[in-house]
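One file, run01.txt, carrying compact mmCIF, C-alpha atoms:
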# COMPACT_ATOMS: atom_id res chain seq x y z
CA MET A 1 5.26 -2.88 4.39
CA PRO A 2 5.33 -1.61 8.00
CA SER A 3 8.48 -2.42 9.97
CA MET A 4 8.42 -4.95 12.79
CA ASN A 5 8.11 -2.11 15.35
CA GLU A 6 5.13 -0.43 13.72
CA VAL A 7 1.46 -1.15 14.20
CA VAL A 8 -0.84 -0.77 11.21
CA PRO A 9 -2.86 2.32 12.12
CA ASP A 10 -6.62 2.68 12.27
CA PRO A 11 -7.59 3.96 8.80
CA ASN A 12 -9.11 7.07 10.43
CA ALA A 13 -5.59 8.10 11.50
CA LEU A 14 -4.78 8.65 7.81
CA GLY A 15 -7.36 11.43 7.46
CA PRO A 16 -8.08 12.24 3.80
CA LEU A 17 -5.65 9.52 2.63
CA SER A 18 -7.66 6.62 4.09
CA PRO A 19 -9.73 6.04 0.89
CA LEU A 20 -6.49 5.17 -0.95
CA ILE A 21 -5.73 2.08 1.17
CA GLY A 22 -5.53 -1.01 -1.01
CA GLU A 23 -4.58 -2.14 -4.49
CA TRP A 24 -5.80 -0.36 -7.59
CA GLU A 25 -5.73 -0.76 -11.34
CA GLY A 26 -6.73 1.39 -14.27
CA ASP A 27 -6.31 1.37 -18.05
CA ARG A 28 -7.54 4.88 -18.81
CA GLY A 29 -4.16 6.54 -18.43
CA TYR A 30 -2.85 9.26 -20.74
CA ASP A 31 0.78 10.33 -20.85
CA ASP A 32 1.99 13.56 -22.48
CA ALA A 33 5.79 13.42 -22.53
CA TYR A 34 8.94 14.36 -24.36
CA VAL A 35 10.60 11.22 -25.70
CA TYR A 36 14.16 11.83 -26.94
CA ALA A 37 13.85 9.36 -29.83
CA ARG A 38 10.52 10.75 -31.06
CA GLY A 39 10.08 14.24 -29.63
CA ARG A 40 6.74 15.24 -28.08
CA GLU A 41 4.24 12.48 -27.53
CA GLU A 42 0.71 13.40 -26.51
CA CYS A 43 -2.02 11.18 -25.12
CA ALA A 44 -0.01 7.94 -25.17
CA ARG A 45 -2.36 5.42 -23.49
CA PHE A 46 -1.25 3.34 -20.49
CA ARG A 47 -2.50 0.99 -17.80
CA GLU A 48 -1.34 1.19 -14.21
CA ARG A 49 -1.30 -0.81 -11.00
CA SER A 50 -0.81 0.93 -7.66
CA SER A 51 -0.62 -0.20 -4.03
CA PHE A 52 -1.10 1.88 -0.85
CA ILE A 53 -0.25 0.22 2.48
CA PRO A 54 -0.93 2.07 5.78
CA ALA A 55 1.83 2.55 8.36
CA GLY A 56 2.82 4.86 11.17
CA PRO A 57 2.98 6.90 13.16
CA ALA A 58 6.48 8.18 12.58
CA HIS A 59 7.46 10.82 15.14
CA ASN A 60 9.56 13.91 14.47
CA GLY A 61 9.63 15.24 18.01
CA ALA A 62 6.07 16.46 18.57
CA GLN A 63 5.02 15.82 14.96
CA ALA A 64 3.21 12.52 14.23
CA LEU A 65 3.06 11.38 10.60
CA TYR A 66 0.81 8.60 9.42
CA ARG A 67 1.62 7.32 5.97
CA LEU A 68 0.81 5.13 3.05
CA ASN A 69 3.71 3.17 1.56
CA CYS A 70 3.18 3.39 -2.21
CA THR A 71 4.28 1.58 -5.34
CA SER A 72 3.10 2.18 -8.88
CA THR A 73 3.87 0.51 -12.21
CA ALA A 74 2.65 1.59 -15.66
CA TRP A 75 2.59 -0.19 -19.02
CA ARG A 76 1.78 1.31 -22.41
CA ILE A 77 -1.35 -0.31 -23.82
CA GLY A 78 -0.32 -3.41 -25.77
CA GLU A 79 3.17 -3.68 -24.22
CA ASP A 80 4.38 -6.24 -21.65
CA GLU A 81 7.35 -4.29 -20.24
CA PRO A 82 6.59 -1.38 -17.89
CA PHE A 83 7.70 2.06 -19.05
CA HIS A 84 7.48 3.61 -15.58
CA THR A 85 7.74 2.53 -11.96
CA GLU A 86 7.93 4.57 -8.78
CA ILE A 87 8.01 4.12 -5.03
CA GLY A 88 7.24 6.55 -2.27
CA TYR A 89 4.90 7.66 0.48
CA TRP A 90 1.83 9.75 1.14
CA PHE A 91 1.93 11.42 4.59
CA TRP A 92 -0.80 12.91 6.78
CA ASP A 93 -0.01 15.40 9.55
CA ALA A 94 -3.38 15.88 11.26
CA GLU A 95 -2.24 18.57 13.69
CA HIS A 96 -0.99 20.85 10.90
CA GLU A 97 -3.63 19.73 8.33
CA LEU A 98 -0.87 18.87 5.91
CA ILE A 99 -0.55 16.17 3.26
CA MET A 100 2.73 15.29 1.61
CA ARG A 101 3.79 13.02 -1.21
CA ALA A 102 7.35 11.72 -1.47
CA VAL A 103 8.17 10.02 -4.76
CA ILE A 104 11.31 8.45 -6.22
CA THR A 105 11.56 7.50 -9.89
CA PRO A 106 14.06 5.13 -11.54
CA ARG A 107 15.40 8.03 -13.62
CA GLY A 108 16.94 9.59 -10.50
CA ILE A 109 14.32 12.19 -9.63
CA VAL A 110 13.10 12.72 -6.06
CA ALA A 111 10.25 15.00 -5.04
CA LEU A 112 8.69 15.91 -1.70
CA ALA A 113 5.46 17.74 -2.49
CA GLY A 114 2.98 19.13 0.01
CA GLY A 115 -0.29 20.94 0.46
CA SER A 116 -3.00 21.82 2.93
CA ALA A 117 -5.91 19.45 3.54
CA ARG A 118 -8.64 18.69 6.03
CA SER A 119 -9.45 15.18 7.23
CA ARG A 120 -12.61 14.84 5.10
CA ASP A 121 -11.32 16.45 1.89
CA THR A 122 -11.85 14.41 -1.27
CA THR A 123 -9.69 16.54 -3.58
CA LEU A 124 -6.02 16.69 -2.60
CA THR A 125 -3.36 18.84 -4.25
CA VAL A 126 0.37 18.80 -3.58
CA SER A 127 3.19 20.70 -5.25
CA ALA A 128 6.97 21.10 -5.12
CA ASP A 129 9.50 23.46 -6.72
CA ALA A 130 13.16 22.88 -7.49
CA GLY A 131 15.27 24.86 -5.02
CA SER A 132 12.61 24.94 -2.30
CA GLU A 133 13.82 23.96 1.17
CA ALA A 134 10.41 22.66 2.27
CA PHE A 135 8.71 21.04 -0.73
CA GLY A 136 11.33 20.49 -3.39
CA VAL A 137 12.59 18.47 -6.33
CA LEU A 138 16.04 16.97 -6.96
CA SER A 139 17.34 15.50 -10.23
CA ASN A 140 20.44 13.41 -10.81
CA PRO A 141 23.41 15.41 -12.22
CA TYR A 142 22.90 14.21 -15.80
CA LEU A 143 19.23 15.23 -15.81
CA SER A 144 20.13 18.58 -14.28
CA THR A 145 21.62 19.52 -17.67
CA THR A 146 19.39 17.54 -20.06
CA ALA A 147 15.88 17.41 -18.55
CA ARG A 148 15.87 19.27 -15.24
CA THR A 149 12.63 19.03 -13.26
CA THR A 150 11.60 22.51 -12.16
CA GLN A 151 8.17 21.87 -10.64
CA PHE A 152 5.90 18.98 -9.66
CA ARG A 153 2.14 19.23 -9.11
CA MET A 154 -0.50 16.55 -8.49
CA THR A 155 -4.23 16.58 -7.81
CA VAL A 156 -6.06 13.46 -6.64
CA ASP A 157 -9.86 13.07 -6.73
CA LEU A 158 -11.21 10.67 -4.09
CA SER A 159 -14.87 11.71 -4.34
CA LYS A 160 -16.19 8.37 -5.70
CA PRO A 161 -16.16 5.16 -3.64
CA ASN A 162 -13.73 2.49 -4.85
CA GLU A 163 -12.34 4.79 -7.54
CA PHE A 164 -9.76 7.53 -7.69
CA SER A 165 -8.30 9.66 -10.41
CA TYR A 166 -5.26 11.87 -10.59
CA ASP A 167 -3.73 14.56 -12.76
CA GLN A 168 0.04 14.93 -12.36
CA GLU A 169 2.22 17.56 -14.00
CA THR A 170 6.01 17.49 -13.97
CA PHE A 171 7.56 20.60 -15.51
CA MET A 172 11.01 20.03 -17.01
CA TYR A 173 13.49 22.32 -18.68
CA GLN A 174 14.28 20.74 -22.05
CA PRO A 175 17.33 22.20 -23.87
CA ARG A 176 16.21 20.54 -27.12
CA ILE A 177 13.10 22.73 -27.19
CA GLU A 178 14.77 25.63 -25.36
CA GLY A 179 12.09 25.87 -22.73
CA VAL A 180 9.99 24.22 -20.05
CA TYR A 181 7.84 21.28 -21.06
CA CYS A 182 4.93 19.86 -19.05
CA HIS A 183 5.07 16.07 -18.72
CA ARG A 184 1.48 15.26 -17.79
CA ASP A 185 0.06 11.94 -16.58
CA ARG A 186 -3.54 11.26 -15.67
CA ASN A 187 -5.51 8.12 -14.95
CA LYS A 188 -8.61 6.73 -13.29
CA LEU A 189 -8.14 3.59 -11.16
CA ALA A 190 -10.57 1.13 -9.58
CA ARG A 191 -10.02 -0.69 -6.30
CA LEU A 192 -9.01 -4.35 -6.64
CA ARG A 193 -8.86 -5.03 -2.90
CA THR A 194 -8.22 -3.33 0.46
Take the structure in this file and express it as structure tokens.
Amino acid sequence: MPSMNEVVPDPNALGPLSPLIGEWEGDRGYDDAYVYARGREECARFRERSSFIPAGPAHNGAQALYRLNCTSTAWRIGEDEPFHTEIGYWFWDAEHELIMRAVITPRGIVALAGGSARSRDTTLTVSADAGSEAFGVLSNPYLSTTARTTQFRMTVDLSKPNEFSYDQETFMYQPRIEGVYCHRDRNKLARLRT
């Protein structure tokens, strides 16, 4: 929710992010993950509810960032308790034609991913690499040795009115399999309300 000092911006100020404004739900999610108790799990079905609330601008000197405050919760099909929640932001920097996604998960992973975009783009891609000083990923100390995130990548398709889909890949070093594993989530969501 915007702070008391902020004015909710005109949706046009959010450039390519403006179609995301609102509340969304979808039950076509697929999750490919490594679950410690069971090993690799592919195409586990889930439903998801997401919210995108406009805010901004935030000023960094001459830079003006408009943003969407985001929350997302996911439940495996047939289960009442969520298996994943996250909070974060999508940012639009019109002057530099830059989109960014900041995400925080309850497991103690933080990512700031970015990519180039134009104001009318309907396909948006952001990425981040561990160790990068611009668009990077941090893991809590325990995960740094057991499931260290090395790269984050997400593509969002906003080409259809009142619908969006995404494909998100989180690459993690997994000592149990002695290599990097791709945790992949994808879903298609429909607008509930703006």
Quick one: residues within 8 Å of Gly108 of chain A, all atoms listed in the file counted, chain neighbours fewer than 2 positions away excluded, as a ChimeraX atom specification? /A:104-106,110,139-140
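With distances taken over all atoms listed in the file, A:Leu189 is the one residue among A:Ile177, A:Ile99, A:Cys182, A:Leu189 lying closest to Ser165 of chain A.
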Atom CA of Thr194 of chain A and atom CA of Ala117 of chain A, how far apart in Å?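 According to the coordinates, atom CA of Ala117 of chain A and atom CA of Thr194 of chain A are separated by 23.1 Å.
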Atom CA of Ala94 of chain A and atom CA of Arg193 of chain A are how many Å apart?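 One can read the atom CA of Ala94 of chain A to atom CA of Arg193 of chain A distance as 25.8 Å.
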Could you state the separation of atom CA of Arg49 of chain A and atom CA of Arg76 of chain A in Å, given to one decimal place? 12.0 Å
Mind working out the centre and edge lengths of an axis-aligned box for segment 116-128 of chain A, all listed atoms inside, 8 Å added to each side, rounded to one decimal in Å and written as JSON?
{"center_x": -2.8, "center_y": 18.1, "center_z": 1.0, "size_x": 35.6, "size_y": 23.4, "size_z": 28.5}
Which residues come within 12 Å of Ser132 of chain A, counting only C-alpha atoms, excluding same-chain residues fewer than 2 positions away, as JSON, numbers by chain? {"A": [111, 112, 113, 114, 127, 128, 129, 130, 134, 135, 136, 137, 138, 150, 151, 152]}
Spatial neighbours of Asn187 of chain A, max dist 12 Å, all atoms listed in the file, sep filter under 6 positions, as a ChimeraX atom specification: /A:24-32,43-50,74,154-157,163-168
Between A:Arg153, A:Arg118, A:Arg67, A:His96, single out the one closest to Ile53 of chain A, counting all atoms listed in the file.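 For Ile53 of chain A, the nearest of the candidates is A:Arg67.
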